[in-house]
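protein.tsv follows; it contains TSV, C-alpha atoms.
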```
chain	number	residue	atom	x	y	z
G	1	MET	CA	41.38	-2.18	19.40
G	2	VAL	CA	44.84	-1.20	18.14
G	3	VAL	CA	46.37	-3.60	20.65
G	4	VAL	CA	44.11	-6.41	19.47
G	5	LEU	CA	45.08	-5.87	15.82
G	6	ALA	CA	48.79	-5.78	16.74
G	7	VAL	CA	48.54	-8.94	18.81
G	8	ARG	CA	46.69	-10.76	16.02
G	9	ARG	CA	49.53	-9.93	13.63
G	10	LEU	CA	52.59	-10.36	15.87
G	11	TRP	CA	51.54	-12.86	18.56
G	12	THR	CA	48.83	-15.01	17.09
G	13	ASP	CA	48.80	-17.35	20.08
G	14	LEU	CA	47.68	-14.47	22.33
G	15	SER	CA	44.91	-13.12	20.09
G	16	GLY	CA	42.21	-14.93	22.09
G	17	TYR	CA	43.21	-13.19	25.32
G	18	ALA	CA	43.37	-9.82	23.58
G	19	SER	CA	39.94	-10.30	22.02
G	20	THR	CA	38.43	-11.23	25.37
G	21	GLY	CA	39.96	-8.17	27.00
G	22	LEU	CA	38.59	-5.96	24.23
G	23	ALA	CA	35.13	-7.47	24.67
G	24	VAL	CA	35.16	-6.68	28.39
G	25	ALA	CA	36.30	-3.12	27.71
G	26	LEU	CA	33.62	-2.60	25.06
G	27	ALA	CA	30.92	-3.93	27.36
G	28	GLY	CA	31.96	-1.54	30.07
G	29	THR	CA	32.18	1.42	27.71
G	30	GLY	CA	28.83	0.76	26.11
G	31	LEU	CA	26.90	0.11	29.30
G	32	VAL	CA	28.50	2.58	31.70
G	33	PRO	CA	25.96	5.37	30.86
G	34	LEU	CA	23.26	3.18	32.43
G	35	VAL	CA	24.82	3.51	35.88
G	36	ALA	CA	26.94	6.65	35.64
G	37	PRO	CA	25.37	10.01	36.52
G	38	GLY	CA	24.98	12.74	33.94
G	39	GLY	CA	22.33	11.29	31.65
G	40	GLU	CA	24.68	10.34	28.83
G	41	PRO	CA	22.98	8.83	25.74
G	42	VAL	CA	23.46	5.10	26.12
G	43	ALA	CA	22.36	4.46	22.53
G	44	LEU	CA	25.31	6.35	21.04
G	45	TYR	CA	27.82	4.62	23.32
G	46	ALA	CA	26.34	1.23	22.49
G	47	ALA	CA	26.37	1.92	18.73
G	48	ALA	CA	29.99	3.05	18.94
G	49	GLY	CA	30.81	-0.17	20.78
G	50	VAL	CA	29.20	-2.19	17.99
G	51	LEU	CA	31.39	-0.47	15.39
G	52	LEU	CA	34.54	-1.00	17.48
G	53	ALA	CA	33.71	-4.68	17.94
G	54	LEU	CA	33.34	-5.03	14.20
G	55	ALA	CA	36.56	-3.13	13.50
G	56	ALA	CA	38.43	-5.53	15.77
G	57	GLY	CA	38.05	-8.17	13.08
G	58	GLY	CA	40.51	-6.39	10.83
G	59	GLY	CA	38.66	-7.10	7.58
G	60	SER	CA	37.20	-10.43	8.73
G	61	ARG	CA	34.68	-11.45	11.30
G	62	PRO	CA	35.80	-10.60	14.86
G	63	ALA	CA	36.41	-13.29	17.44
G	64	ALA	CA	33.53	-14.87	19.35
G	65	ALA	CA	33.79	-12.66	22.44
G	66	PRO	CA	33.75	-9.25	20.64
G	67	ARG	CA	31.06	-10.56	18.32
G	68	ALA	CA	28.81	-11.53	21.22
G	69	VAL	CA	29.38	-8.22	23.00
G	70	GLY	CA	28.70	-6.32	19.76
G	71	ALA	CA	25.39	-8.14	19.30
G	72	ALA	CA	24.39	-7.36	22.89
G	73	LEU	CA	25.29	-3.69	22.48
G	74	ALA	CA	23.27	-3.55	19.23
G	75	VAL	CA	20.22	-4.82	21.12
G	76	VAL	CA	20.78	-2.21	23.82
G	77	ALA	CA	21.04	0.56	21.23
G	78	LEU	CA	17.84	-0.59	19.50
G	79	LEU	CA	15.92	-0.71	22.76
G	80	ALA	CA	17.16	2.75	23.71
G	81	THR	CA	15.95	4.26	20.41
G	82	ALA	CA	12.79	2.20	19.92
G	83	ARG	CA	10.50	4.55	21.82
G	84	THR	CA	11.60	7.63	19.86
G	85	VAL	CA	11.29	5.86	16.51
G	86	LEU	CA	7.84	4.50	17.32
G	87	LEU	CA	6.63	7.93	18.42
G	88	VAL	CA	7.82	9.47	15.15
G	89	LEU	CA	6.07	6.85	13.02
G	90	ALA	CA	2.91	6.89	15.13
G	91	SER	CA	2.62	10.67	14.82
G	92	LEU	CA	2.55	10.57	11.00
G	93	PRO	CA	-1.09	9.49	10.33
G	94	VAL	CA	-3.63	12.30	10.56
G	95	ARG	CA	-7.36	12.66	10.07
G	96	PRO	CA	-8.15	12.84	6.33
G	97	GLY	CA	-8.71	16.40	5.16
G	98	SER	CA	-7.61	17.94	8.45
G	99	GLY	CA	-5.27	20.40	6.74
G	100	VAL	CA	-1.52	20.87	6.72
G	101	PRO	CA	-0.14	19.95	10.16
G	102	ALA	CA	2.39	22.13	11.89
G	103	ALA	CA	6.03	21.14	11.51
G	104	ALA	CA	7.59	19.50	14.54
G	105	ALA	CA	10.31	21.39	16.37
G	106	ALA	CA	13.88	20.22	15.91
G	107	SER	CA	14.77	17.65	18.56
G	108	ALA	CA	18.21	16.52	19.66
G	109	GLY	CA	16.82	13.24	21.00
G	110	THR	CA	15.19	12.41	17.67
G	111	ALA	CA	18.37	13.29	15.80
G	112	ARG	CA	20.35	11.06	18.14
G	113	ALA	CA	17.98	8.16	17.44
G	114	GLY	CA	18.37	8.65	13.69
G	115	LEU	CA	22.15	8.77	13.98
G	116	VAL	CA	22.16	5.56	16.01
G	117	LEU	CA	20.08	3.82	13.34
G	118	LEU	CA	22.53	4.92	10.67
G	119	LEU	CA	25.50	3.61	12.68
G	120	LEU	CA	23.73	0.30	13.25
G	121	GLY	CA	22.96	0.09	9.54
G	122	VAL	CA	26.63	0.60	8.69
G	123	ALA	CA	27.64	-2.04	11.21
G	124	ALA	CA	25.07	-4.56	9.96
G	125	GLY	CA	26.06	-4.00	6.33
G	126	ALA	CA	29.76	-4.33	7.08
G	127	TYR	CA	29.23	-7.45	9.16
G	128	ALA	CA	27.15	-9.06	6.37
G	129	ALA	CA	29.83	-8.14	3.83
G	130	THR	CA	32.51	-9.97	5.81
G	131	GLY	CA	30.37	-13.09	6.18
G	132	ARG	CA	28.98	-13.01	2.60
G	133	ARG	CA	25.88	-14.94	3.62
G	134	VAL	CA	23.43	-12.07	3.18
G	135	ALA	CA	23.74	-9.10	0.83
G	136	TRP	CA	25.17	-6.13	2.68
G	137	TRP	CA	22.36	-3.82	1.54
G	138	VAL	CA	19.71	-6.20	2.88
G	139	ALA	CA	21.32	-6.19	6.32
G	140	GLY	CA	21.73	-2.43	6.47
G	141	ALA	CA	18.60	-1.33	4.58
G	142	PRO	CA	16.10	-1.62	7.47
G	143	PHE	CA	18.15	0.63	9.73
G	144	GLY	CA	18.90	3.22	7.06
G	145	ALA	CA	15.33	3.24	5.73
G	146	VAL	CA	13.83	3.92	9.16
G	147	ALA	CA	16.51	6.49	9.91
G	148	LEU	CA	15.53	8.72	6.96
G	149	PRO	CA	12.08	9.86	8.22
G	150	VAL	CA	13.41	10.03	11.78
G	151	LEU	CA	16.20	12.41	10.74
G	152	ALA	CA	13.75	14.47	8.67
G	153	GLU	CA	11.53	14.79	11.73
G	154	ALA	CA	14.52	15.75	13.85
G	155	ALA	CA	15.43	18.53	11.42
G	156	GLY	CA	11.94	20.05	11.72
G	157	ALA	CA	11.13	19.49	8.04
G	158	PRO	CA	7.76	20.90	6.97
G	159	TRP	CA	4.88	18.77	5.77
G	160	PRO	CA	4.85	16.65	3.62
G	161	VAL	CA	8.59	15.84	3.75
G	162	VAL	CA	8.43	13.35	6.62
G	163	PRO	CA	5.34	11.33	5.52
G	164	ALA	CA	6.43	11.45	1.87
G	165	THR	CA	9.86	10.13	2.83
G	166	ALA	CA	8.39	7.27	4.84
G	167	PHE	CA	5.85	6.47	2.14
G	168	GLY	CA	8.39	6.60	-0.68
G	169	VAL	CA	10.99	4.45	1.08
G	170	GLY	CA	8.38	1.89	2.12
G	171	LEU	CA	6.92	1.71	-1.37
G	172	ALA	CA	10.40	1.31	-2.86
G	173	ALA	CA	11.03	-1.63	-0.53
G	174	LEU	CA	7.72	-3.21	-1.53
G	175	LEU	CA	8.46	-2.79	-5.24
G	176	THR	CA	11.91	-4.31	-4.79
G	177	ALA	CA	10.39	-7.37	-3.13
G	178	ALA	CA	7.69	-7.66	-5.82
G	179	LEU	CA	10.00	-7.27	-8.82
G	180	THR	CA	12.95	-9.34	-7.62
G	181	GLY	CA	11.17	-11.92	-5.49
G	182	ALA	CA	14.10	-11.90	-3.06
G	183	TYR	CA	14.42	-11.08	0.64
G	184	ARG	CA	10.66	-10.69	1.10
G	185	ALA	CA	10.91	-11.61	4.76
G	186	VAL	CA	12.87	-8.37	5.30
G	187	LEU	CA	11.48	-6.00	2.67
G	188	VAL	CA	7.74	-6.62	3.08
G	189	PRO	CA	7.61	-5.90	6.87
G	190	LEU	CA	9.83	-2.87	6.29
G	191	ALA	CA	7.44	-1.63	3.61
G	192	VAL	CA	4.42	-2.04	5.89
G	193	VAL	CA	6.10	-0.26	8.80
G	194	LEU	CA	7.00	2.77	6.67
G	195	ALA	CA	4.44	2.99	3.86
G	196	VAL	CA	1.28	2.68	5.97
G	197	PRO	CA	1.98	5.59	8.38
G	198	GLY	CA	3.48	7.60	5.53
G	199	PHE	CA	0.31	7.19	3.47
G	200	GLY	CA	-1.76	8.15	6.49
G	201	GLY	CA	0.27	11.32	6.87
G	202	LEU	CA	-0.34	12.34	3.25
G	203	LEU	CA	-4.12	12.27	3.77
G	204	ALA	CA	-4.01	15.66	5.47
G	205	THR	CA	-4.96	17.41	2.22
G	206	ARG	CA	-6.73	16.25	-0.92
G	207	ALA	CA	-3.70	17.16	-3.02
G	208	GLY	CA	-1.52	14.90	-0.90
G	209	THR	CA	-4.15	12.16	-1.08
G	210	LEU	CA	-4.30	12.39	-4.87
G	211	ALA	CA	-0.50	12.29	-5.14
G	212	ALA	CA	-0.26	9.22	-2.89
G	213	LEU	CA	-3.05	7.40	-4.73
G	214	GLY	CA	-1.52	8.25	-8.09
G	215	VAL	CA	1.81	6.80	-7.00
G	216	LEU	CA	0.01	3.68	-5.79
G	217	VAL	CA	-1.68	3.29	-9.16
G	218	VAL	CA	1.67	3.46	-10.95
G	219	ALA	CA	3.32	1.09	-8.45
G	220	GLY	CA	0.46	-1.38	-8.79
G	221	ALA	CA	0.67	-1.28	-12.58
G	222	VAL	CA	4.44	-1.83	-12.52
G	223	THR	CA	3.97	-4.77	-10.16
G	224	GLY	CA	1.22	-6.16	-12.37
G	225	VAL	CA	3.48	-6.04	-15.42
G	226	ALA	CA	6.83	-7.15	-14.01
G	227	GLY	CA	6.10	-8.78	-10.67
G	228	ARG	CA	7.02	-12.36	-9.95
G	229	PRO	CA	5.41	-14.83	-9.59
G	230	ALA	CA	1.95	-14.61	-11.18
G	231	VAL	CA	0.16	-14.20	-7.84
G	232	VAL	CA	2.20	-11.06	-7.17
G	233	ARG	CA	1.12	-9.65	-10.54
G	234	ILE	CA	-2.52	-10.32	-9.66
G	235	VAL	CA	-2.14	-8.54	-6.32
G	236	GLY	CA	-0.46	-5.64	-8.10
G	237	TRP	CA	-3.30	-5.19	-10.57
G	238	LEU	CA	-5.92	-5.46	-7.82
G	239	GLY	CA	-4.03	-2.82	-5.82
G	240	ALA	CA	-3.92	-0.58	-8.88
G	241	VAL	CA	-7.70	-0.93	-9.32
G	242	ALA	CA	-8.32	-0.07	-5.67
G	243	ALA	CA	-6.01	2.96	-5.82
G	244	ALA	CA	-7.58	4.12	-9.10
G	245	THR	CA	-11.03	3.88	-7.53
G	246	GLY	CA	-9.95	6.05	-4.62
G	247	PHE	CA	-8.23	8.47	-6.98
G	248	ALA	CA	-11.38	8.88	-9.10
G	249	LEU	CA	-13.55	9.51	-6.04
G	250	VAL	CA	-11.16	11.98	-4.39
G	251	ALA	CA	-10.63	13.80	-7.69
G	252	SER	CA	-14.39	14.24	-8.08
G	253	LEU	CA	-14.73	15.60	-4.55
G	254	THR	CA	-11.78	17.93	-5.13
G	255	ALA	CA	-13.52	19.29	-8.21
G	256	GLY	CA	-16.52	20.22	-6.07
G	257	GLN	CA	-18.76	17.34	-7.15
G	258	SER	CA	-21.03	15.40	-4.83
G	259	LEU	CA	-20.69	11.74	-3.99
G	260	ARG	CA	-23.56	10.97	-6.35
G	261	THR	CA	-21.68	12.56	-9.22
G	262	GLY	CA	-18.42	10.95	-8.16
G	263	ALA	CA	-20.12	7.58	-8.54
G	264	PHE	CA	-19.86	7.94	-12.31
G	265	ALA	CA	-16.08	8.42	-12.11
G	266	VAL	CA	-15.87	5.27	-10.00
G	267	LEU	CA	-18.05	3.50	-12.56
G	268	ALA	CA	-15.59	4.52	-15.29
G	269	VAL	CA	-12.80	2.76	-13.36
G	270	ALA	CA	-14.98	-0.35	-13.18
G	271	ALA	CA	-15.64	-0.25	-16.94
G	272	VAL	CA	-11.93	0.15	-17.77
G	273	THR	CA	-11.07	-2.75	-15.45
G	274	LEU	CA	-13.73	-4.97	-16.99
G	275	HIS	CA	-12.51	-4.41	-20.53
G	276	ALA	CA	-8.80	-4.51	-19.64
G	277	ALA	CA	-9.01	-7.84	-17.79
G	278	PRO	CA	-9.04	-10.04	-20.95
G	279	LEU	CA	-5.99	-8.24	-22.31
G	280	LEU	CA	-3.93	-9.36	-19.32
G	281	ARG	CA	-4.70	-13.01	-19.84
G	282	VAL	CA	-2.03	-15.14	-21.50
G	283	VAL	CA	-2.41	-18.52	-23.14
G	284	ARG	CA	-0.15	-20.17	-20.58
G	285	SER	CA	-0.77	-19.13	-17.03
G	286	GLY	CA	2.24	-17.44	-15.50
G	287	GLY	CA	3.68	-16.16	-18.80
G	288	PRO	CA	5.63	-12.89	-18.87
G	289	GLY	CA	3.39	-9.96	-17.98
G	290	GLY	CA	0.26	-12.10	-17.84
G	291	VAL	CA	-1.99	-13.00	-14.93
G	292	GLY	CA	-3.57	-16.17	-16.29
G	293	ARG	CA	-7.19	-17.21	-16.13
G	294	ALA	CA	-7.40	-16.85	-12.36
G	295	GLY	CA	-6.10	-13.28	-12.58
G	296	THR	CA	-8.68	-12.44	-15.22
G	297	TRP	CA	-11.46	-13.75	-13.02
G	298	ALA	CA	-10.11	-11.77	-10.07
G	299	LEU	CA	-10.04	-8.54	-12.08
G	300	GLU	CA	-13.56	-9.14	-13.42
G	301	ALA	CA	-14.79	-9.70	-9.87
G	302	ALA	CA	-13.01	-6.50	-8.82
G	303	ALA	CA	-14.74	-4.62	-11.65
G	304	GLN	CA	-18.14	-5.85	-10.44
G	305	ALA	CA	-17.27	-4.84	-6.88
G	306	VAL	CA	-16.25	-1.34	-7.99
G	307	ALA	CA	-19.51	-1.03	-9.95
G	308	LEU	CA	-21.43	-2.02	-6.82
G	309	LEU	CA	-19.52	0.64	-4.88
G	310	ALA	CA	-20.55	3.20	-7.51
G	311	LEU	CA	-24.17	2.17	-6.98
G	312	LEU	CA	-23.84	2.57	-3.22
G	313	LEU	CA	-22.28	6.02	-3.64
G	314	THR	CA	-25.50	7.29	-5.24
G	315	GLY	CA	-26.78	7.66	-1.69
G	316	GLY	CA	-30.35	6.60	-2.25
G	317	SER	CA	-30.94	8.85	-5.27
G	318	LEU	CA	-33.08	6.65	-7.54
G	319	ARG	CA	-32.29	8.64	-10.66
G	320	HIS	CA	-28.50	8.46	-10.14
G	321	ALA	CA	-28.74	4.79	-9.21
G	322	ALA	CA	-30.78	4.08	-12.34
G	323	ALA	CA	-28.20	5.85	-14.50
G	324	VAL	CA	-25.38	3.83	-12.92
G	325	CYS	CA	-27.23	0.55	-13.53
G	326	VAL	CA	-28.07	1.42	-17.14
G	327	LEU	CA	-24.50	2.54	-17.95
G	328	TRP	CA	-23.01	-0.53	-16.32
G	329	GLY	CA	-25.37	-2.73	-18.29
G	330	VAL	CA	-24.18	-1.09	-21.50
G	331	ALA	CA	-20.50	-1.56	-20.52
G	332	VAL	CA	-21.05	-5.24	-19.77
G	333	ALA	CA	-23.05	-5.71	-22.98
G	334	VAL	CA	-20.17	-4.33	-25.02
G	335	ARG	CA	-17.90	-6.89	-23.34
G	336	VAL	CA	-20.34	-9.63	-24.44
G	337	LEU	CA	-19.63	-8.73	-28.08
G	338	ARG	CA	-15.94	-9.57	-27.70
G	339	ARG	CA	-15.08	-12.30	-30.21
G	340	SER	CA	-12.69	-14.36	-28.12
G	341	GLU	CA	-15.08	-14.53	-25.18
G	342	SER	CA	-15.86	-18.08	-24.06
G	343	PRO	CA	-19.49	-19.27	-24.31
G	344	GLY	CA	-19.80	-19.67	-20.56
G	345	GLY	CA	-18.31	-16.26	-19.89
G	346	ARG	CA	-20.56	-14.70	-22.51
G	347	ARG	CA	-23.66	-16.15	-20.83
G	348	VAL	CA	-22.62	-14.83	-17.43
G	349	LEU	CA	-21.90	-11.36	-18.81
G	350	ALA	CA	-25.19	-11.32	-20.72
G	351	ALA	CA	-27.06	-12.19	-17.52
G	352	VAL	CA	-25.27	-9.41	-15.63
G	353	ALA	CA	-26.00	-6.88	-18.39
G	354	ALA	CA	-29.68	-7.87	-18.60
G	355	GLY	CA	-30.08	-7.78	-14.82
G	356	SER	CA	-28.42	-4.39	-14.59
G	357	GLU	CA	-30.68	-2.95	-17.28
G	358	LEU	CA	-33.74	-4.45	-15.62
G	359	VAL	CA	-32.82	-2.97	-12.25
G	360	GLY	CA	-32.08	0.37	-13.89
G	361	GLY	CA	-35.45	0.45	-15.60
G	362	TRP	CA	-37.23	-0.46	-12.39
G	363	LEU	CA	-35.41	2.34	-10.54
G	364	VAL	CA	-36.44	4.81	-13.25
G	365	LEU	CA	-40.08	3.87	-12.82
G	366	ALA	CA	-39.81	4.01	-9.05
G	367	ALA	CA	-38.19	7.45	-9.02
G	368	PRO	CA	-40.32	10.30	-7.57
G	369	GLY	CA	-42.05	12.41	-10.18
G	370	TRP	CA	-42.50	9.57	-12.68
G	371	SER	CA	-45.71	9.99	-14.66
G	372	CYS	CA	-47.52	7.46	-16.84
G	373	TRP	CA	-48.25	8.01	-20.49
G	374	ARG	CA	-51.84	6.93	-19.98
G	375	ARG	CA	-53.52	7.92	-16.73
G	376	THR	CA	-56.73	5.99	-17.13
G	377	ARG	CA	-54.97	2.72	-17.84
G	378	CYS	CA	-52.75	3.10	-14.78
G	379	ARG	CA	-55.74	3.56	-12.55
G	380	ARG	CA	-57.32	0.45	-13.96
G	381	ARG	CA	-54.16	-1.72	-13.94
G	382	ARG	CA	-51.61	-1.35	-11.20
G	383	SER	CA	-48.60	-3.28	-12.42
G	384	PRO	CA	-46.38	-4.72	-9.65
G	385	TRP	CA	-43.36	-4.37	-11.97
G	386	ALA	CA	-43.62	-0.58	-12.10
G	387	PRO	CA	-44.79	0.77	-8.75
G	388	GLY	CA	-44.57	4.33	-10.05
G	389	CYS	CA	-47.25	3.72	-12.68
G	390	TRP	CA	-50.17	3.96	-10.34
G	391	ARG	CA	-48.89	7.17	-8.74
G	392	CYS	CA	-50.06	9.35	-11.59
G	393	ASP	CA	-50.60	12.31	-9.33
G	394	ALA	CA	-46.85	12.61	-8.55
G	395	GLY	CA	-46.11	14.53	-11.72
G	396	PRO	CA	-47.76	16.33	-14.60
G	397	GLY	CA	-49.41	14.40	-17.45
```
Once more with this new file: its structure as structure tokens, please.
Amino acid sequence: MVVVLAVRRLWTDLSGYASTGLAVALAGTGLVPLVAPGGEPVALYAAAGVLLALAAGGGSRPAAAPRAVGAALAVVALLATARTVLLVLASLPVRPGSGVPAAAAASAGTARAGLVLLLLGVAAGAYAATGRRVAWWVAGAPFGAVALPVLAEAAGAPWPVVPATAFGVGLAALLTAALTGAYRAVLVPLAVVLAVPGFGGLLATRAGTLAALGVLVVAGAVTGVAGRPAVVRIVGWLGAVAAATGFALVASLTAGQSLRTGAFAVLAVAAVTLHAAPLLRVVRSGGPGGVGRAGTWALEAAAQAVALLALLLTGGSLRHAAAVCVLWGVAVAVRVLRRSESPGGRRVLAAVAAGSELVGGWLVLAAPGWSCWRRTRCRRRRSPWAPGCWRCDAGPG
């Protein structure tokens, strides 16, 4: 490399020959561990060859031959480390509530893979900086982001360092794409690759699950407020509602409550979503911080879906289901009284509230142990609207 730089400065007409000779030497150096005995790590040699090929440019892009060899060596280094990286990420998700997993033993192979990723990240960032076509941090971020959980795993870090690192880095990449609207083709896949297994690894305990869901709620709210464009804000608010629903349910179970009792916490999330949806609407769709009319409809539909989930969580208990229906009817009825509600929207909400109250009343009458206020009349008239009325012997009175 020193010879190439000297030739480029002193004998410019011979720089092409020197660059070609350097490319051949780099190719041999980077690929010789594949055929030489001793089991040398080919990934490290290939990554070092990539850096040397880049350094041969002397502050500018290297010649065509070193550039082509450097790209080939980068591919070789990635292929050599791919299996280790995939194994690390695949080992992160665990069965929910399975308990704190044992820390992995320190591994030299895993550390070598992380180091190679860092070197490739430096090379990609430096190469992008010389070309000035792509931001240097965008070129190097994927390698460095993946290297962080790999190096934490190699160091034998205890739980939850590795999954939290993967989850945090992936979520940061997703927020960057949502807030800036730039480089989504790079940041969104990176976020999925890291955040999904990281989140799965945090499900080992309920405390980790609550922490991950809480962070998702905050991230969704930030995206809903400052994301761009409007469709990203809608997705952010919907994600925040989903995460808040899971948080309410897991928090109830952590407190020792049953699923039937946790249904009321889920119903509270639905009520908050229903009443918060109109506040996020702006006069002009796509205004700052607003979601427009379509976003309001999406959030109202999400609120109804969460309320339905709360009803399903009652697990066949007619009394709990009746309470959920009655409370949801009251929440929707309060929304009907909103002054700025459109006539069509008010009619739809009134129908939902009336139907919910009707179903709740029917479930109360159908619940076991229901007794009629007048036994003789029930025996004479068996109303199809209240099947519990004719079962006067199910309870006292």
Mind giving me the straight-line distance from CA of Trp159 (chain G) to CA of Gly200 (chain G) in Å, one decimal? 12.5 Å
Residues of region 173-247 of chain G at most 12 Å from region 309-318 of chain G: nearest atom pair and distance in Å, all atoms listed in the file, as a tab-separated table:
```
residue	atom	partner	partner_atom	distance
G:Ala242	CA	G:Leu309	CA	11.3
G:Thr245	CA	G:Leu309	CA	9.5
G:Gly246	CA	G:Leu309	CA	11.0
```
Region 214-231 of chain G surroundings by all atoms listed in the file, 6 Å radius, close-in-sequence under 2 positions cut, as a PDB file with C-alpha atoms, keeping the file's coordinate frame:
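Final file, part-v9.pdb:
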```pdb
ATOM      1  CA  ALA G 178       7.690  -7.660  -5.820  1.00  0.00           C
ATOM      2  CA  LEU G 179      10.000  -7.270  -8.820  1.00  0.00           C
ATOM      3  CA  LEU G 210      -4.300  12.390  -4.870  1.00  0.00           C
ATOM      4  CA  ALA G 211      -0.500  12.290  -5.140  1.00  0.00           C
ATOM      5  CA  ALA G 212      -0.260   9.220  -2.890  1.00  0.00           C
ATOM      6  CA  ARG G 233       1.120  -9.650 -10.540  1.00  0.00           C
ATOM      7  CA  ILE G 234      -2.520 -10.320  -9.660  1.00  0.00           C
ATOM      8  CA  GLY G 236      -0.460  -5.640  -8.100  1.00  0.00           C
ATOM      9  CA  TRP G 237      -3.300  -5.190 -10.570  1.00  0.00           C
ATOM     10  CA  GLY G 239      -4.030  -2.820  -5.820  1.00  0.00           C
ATOM     11  CA  ALA G 240      -3.920  -0.580  -8.880  1.00  0.00           C
ATOM     12  CA  ALA G 243      -6.010   2.960  -5.820  1.00  0.00           C
ATOM     13  CA  ALA G 244      -7.580   4.120  -9.100  1.00  0.00           C
ATOM     14  CA  GLY G 286       2.240 -17.440 -15.500  1.00  0.00           C
ATOM     15  CA  GLY G 289       3.390  -9.960 -17.980  1.00  0.00           C
ATOM     16  CA  VAL G 291      -1.990 -13.000 -14.930  1.00  0.00           C
TER      17      VAL G 291
END
```
Need to verify the contact set: Leu358 (chain G), 9 Å, all atoms listed in the file, exclusion of same-chain residues closer than 6 positions in sequence. Can you return it as a PDB file with C-alpha atoms, keeping the file's coordinate frame?
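That gives us selection-v8.pdb:
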```pdb
ATOM      1  CA  CYS G 325     -27.230   0.550 -13.530  1.00  0.00           C
ATOM      2  CA  VAL G 326     -28.070   1.420 -17.140  1.00  0.00           C
ATOM      3  CA  GLY G 329     -25.370  -2.730 -18.290  1.00  0.00           C
TER       4      GLY G 329
END
```
CA of Val188 (chain G) and CA of Val150 (chain G) are how many Å apart? 19.6 Å
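For the atom pair formed by CA of Leu308 (chain G) and CA of Val348 (chain G), the distance is 16.7 Å, given to one decimal.
Distance annotation: of G:Gly121, G:Ala353, G:Leu174, G:Gly97, the residue with the minimal separation from Leu253 (chain G) is G:Gly97; atom set is only C-alpha atoms.
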So which one's closest to Pro149 (chain G), G:Ala251, G:Ala195, G:Val134, G:Val88? Using all atoms listed in the file, please. G:Val88
Would you kindly identify which residues have an atom no farther than 12 Å from (12.3, 14.4, 7.0), using all atoms listed in the file and the file's own coordinates, and write them out as a PDB file with C-alpha atoms, in the frame of the given file?
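Output below, filename point.pdb:
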```pdb
ATOM      1  CA  VAL G  88       7.820   9.470  15.150  1.00  0.00           C
ATOM      2  CA  LEU G  89       6.070   6.850  13.020  1.00  0.00           C
ATOM      3  CA  LEU G  92       2.550  10.570  11.000  1.00  0.00           C
ATOM      4  CA  ALA G 103       6.030  21.140  11.510  1.00  0.00           C
ATOM      5  CA  ALA G 104       7.590  19.500  14.540  1.00  0.00           C
ATOM      6  CA  ALA G 105      10.310  21.390  16.370  1.00  0.00           C
ATOM      7  CA  ALA G 106      13.880  20.220  15.910  1.00  0.00           C
ATOM      8  CA  THR G 110      15.190  12.410  17.670  1.00  0.00           C
ATOM      9  CA  ALA G 111      18.370  13.290  15.800  1.00  0.00           C
ATOM     10  CA  GLY G 114      18.370   8.650  13.690  1.00  0.00           C
ATOM     11  CA  ALA G 145      15.330   3.240   5.730  1.00  0.00           C
ATOM     12  CA  VAL G 146      13.830   3.920   9.160  1.00  0.00           C
ATOM     13  CA  ALA G 147      16.510   6.490   9.910  1.00  0.00           C
ATOM     14  CA  LEU G 148      15.530   8.720   6.960  1.00  0.00           C
ATOM     15  CA  PRO G 149      12.080   9.860   8.220  1.00  0.00           C
ATOM     16  CA  VAL G 150      13.410  10.030  11.780  1.00  0.00           C
ATOM     17  CA  LEU G 151      16.200  12.410  10.740  1.00  0.00           C
ATOM     18  CA  ALA G 152      13.750  14.470   8.670  1.00  0.00           C
ATOM     19  CA  GLU G 153      11.530  14.790  11.730  1.00  0.00           C
ATOM     20  CA  ALA G 154      14.520  15.750  13.850  1.00  0.00           C
ATOM     21  CA  ALA G 155      15.430  18.530  11.420  1.00  0.00           C
ATOM     22  CA  GLY G 156      11.940  20.050  11.720  1.00  0.00           C
ATOM     23  CA  ALA G 157      11.130  19.490   8.040  1.00  0.00           C
ATOM     24  CA  PRO G 158       7.760  20.900   6.970  1.00  0.00           C
ATOM     25  CA  TRP G 159       4.880  18.770   5.770  1.00  0.00           C
ATOM     26  CA  PRO G 160       4.850  16.650   3.620  1.00  0.00           C
ATOM     27  CA  VAL G 161       8.590  15.840   3.750  1.00  0.00           C
ATOM     28  CA  VAL G 162       8.430  13.350   6.620  1.00  0.00           C
ATOM     29  CA  PRO G 163       5.340  11.330   5.520  1.00  0.00           C
ATOM     30  CA  ALA G 164       6.430  11.450   1.870  1.00  0.00           C
ATOM     31  CA  THR G 165       9.860  10.130   2.830  1.00  0.00           C
ATOM     32  CA  ALA G 166       8.390   7.270   4.840  1.00  0.00           C
ATOM     33  CA  PHE G 167       5.850   6.470   2.140  1.00  0.00           C
ATOM     34  CA  GLY G 168       8.390   6.600  -0.680  1.00  0.00           C
ATOM     35  CA  VAL G 169      10.990   4.450   1.080  1.00  0.00           C
ATOM     36  CA  GLY G 198       3.480   7.600   5.530  1.00  0.00           C
TER      37      GLY G 198
END
```
